Amino acid sequence: MAKMTIFDERCKGCGLCVRACPKKILELSKTKLNAKGYYPVAITDMAACTACQSCARTCPDLVFEIEK
Ligand code: SF4
Ligand code: SF4
């Protein structure tokens, strides 16, 4: 399984990665705010992640670190 670190304090909740994920397993939190006041991204099904890096390439704020 891929190993993903989400630096959610860097996230500004723009949603670009949510749209970029081919597996549709990223979503913005509906309850948790980060220190910047944004609802950060979270992964809903880590087992389904293919480590394609699409989210990491799309995110302007270097929120994702993914290892195969
Ligand atoms: S690495 Fe690919 S499959 Fe995994 S969360 Fe990111 S975009 Fe989705
Ligand atoms: S693209 Fe980056 S900043 Fe935007 S919601 Fe996704 S993780 Fe957060």
# chains A, B, ... in the order shown; residues from 1 in each chain; ligands from 1
$ closest_atom_pairs --of "chain A" --to "ligand 1" --cutoff "7 Å" --atoms "only C-alpha atoms and all ligand atoms" --output "Markdown table"
| residue | atom | partner | partner_atom_place_in_ligand_line | distance |
| --- | --- | --- | --- | --- |
| A:Cys17 | CA | ligand 1 | 7 (S) | 6.9 |
| A:Ala20 | CA | ligand 1 | 7 (S) | 6.0 |
| A:Cys21 | CA | ligand 1 | 7 (S) | 3.6 |
| A:Pro22 | CA | ligand 1 | 8 (Fe) | 5.8 |
| A:Lys23 | CA | ligand 1 | 3 (S) | 5.2 |
| A:Lys24 | CA | ligand 1 | 8 (Fe) | 6.5 |
| A:Ile25 | CA | ligand 1 | 8 (Fe) | 6.0 |
| A:Leu26 | CA | ligand 1 | 5 (S) | 6.0 |
| A:Ile43 | CA | ligand 1 | 5 (S) | 6.6 |
| A:Ala48 | CA | ligand 1 | 3 (S) | 6.9 |
| A:Cys49 | CA | ligand 1 | 4 (Fe) | 3.8 |
| A:Thr50 | CA | ligand 1 | 3 (S) | 4.6 |
| A:Ala51 | CA | ligand 1 | 1 (S) | 3.7 |
| A:Cys52 | CA | ligand 1 | 2 (Fe) | 4.0 |
| A:Gln53 | CA | ligand 1 | 1 (S) | 4.1 |
| A:Ser54 | CA | ligand 1 | 7 (S) | 4.2 |
| A:Cys55 | CA | ligand 1 | 7 (S) | 4.1 |
| A:Ala56 | CA | ligand 1 | 6 (Fe) | 6.4 |
| A:Ile66 | CA | ligand 1 | 1 (S) | 6.8 |
$ residues_near_ligand --ligand "ligand 2" --cutoff "9 Å" --atoms "only C-alpha atoms and all ligand atoms" --output "number ranges by chain"
A: 6-20, 26-28, 38-42, 55-64
$ select_by_dssp --residues "chain A" --states "strand (DSSP E or B)" --output "ChimeraX atom specification"
/A:3-6,26-28,41-43,64-67
$ select_by_dssp --residues "chain A" --states "helix (DSSP H, G or I)" --output "list in words"
Asp8, Glu9, Arg10, Leu16, Cys17, Val18, Arg19, Ala20, Met46, Ala47, Ala48, Ser54, Cys55, Ala56, Arg57 and Thr58 of chain A
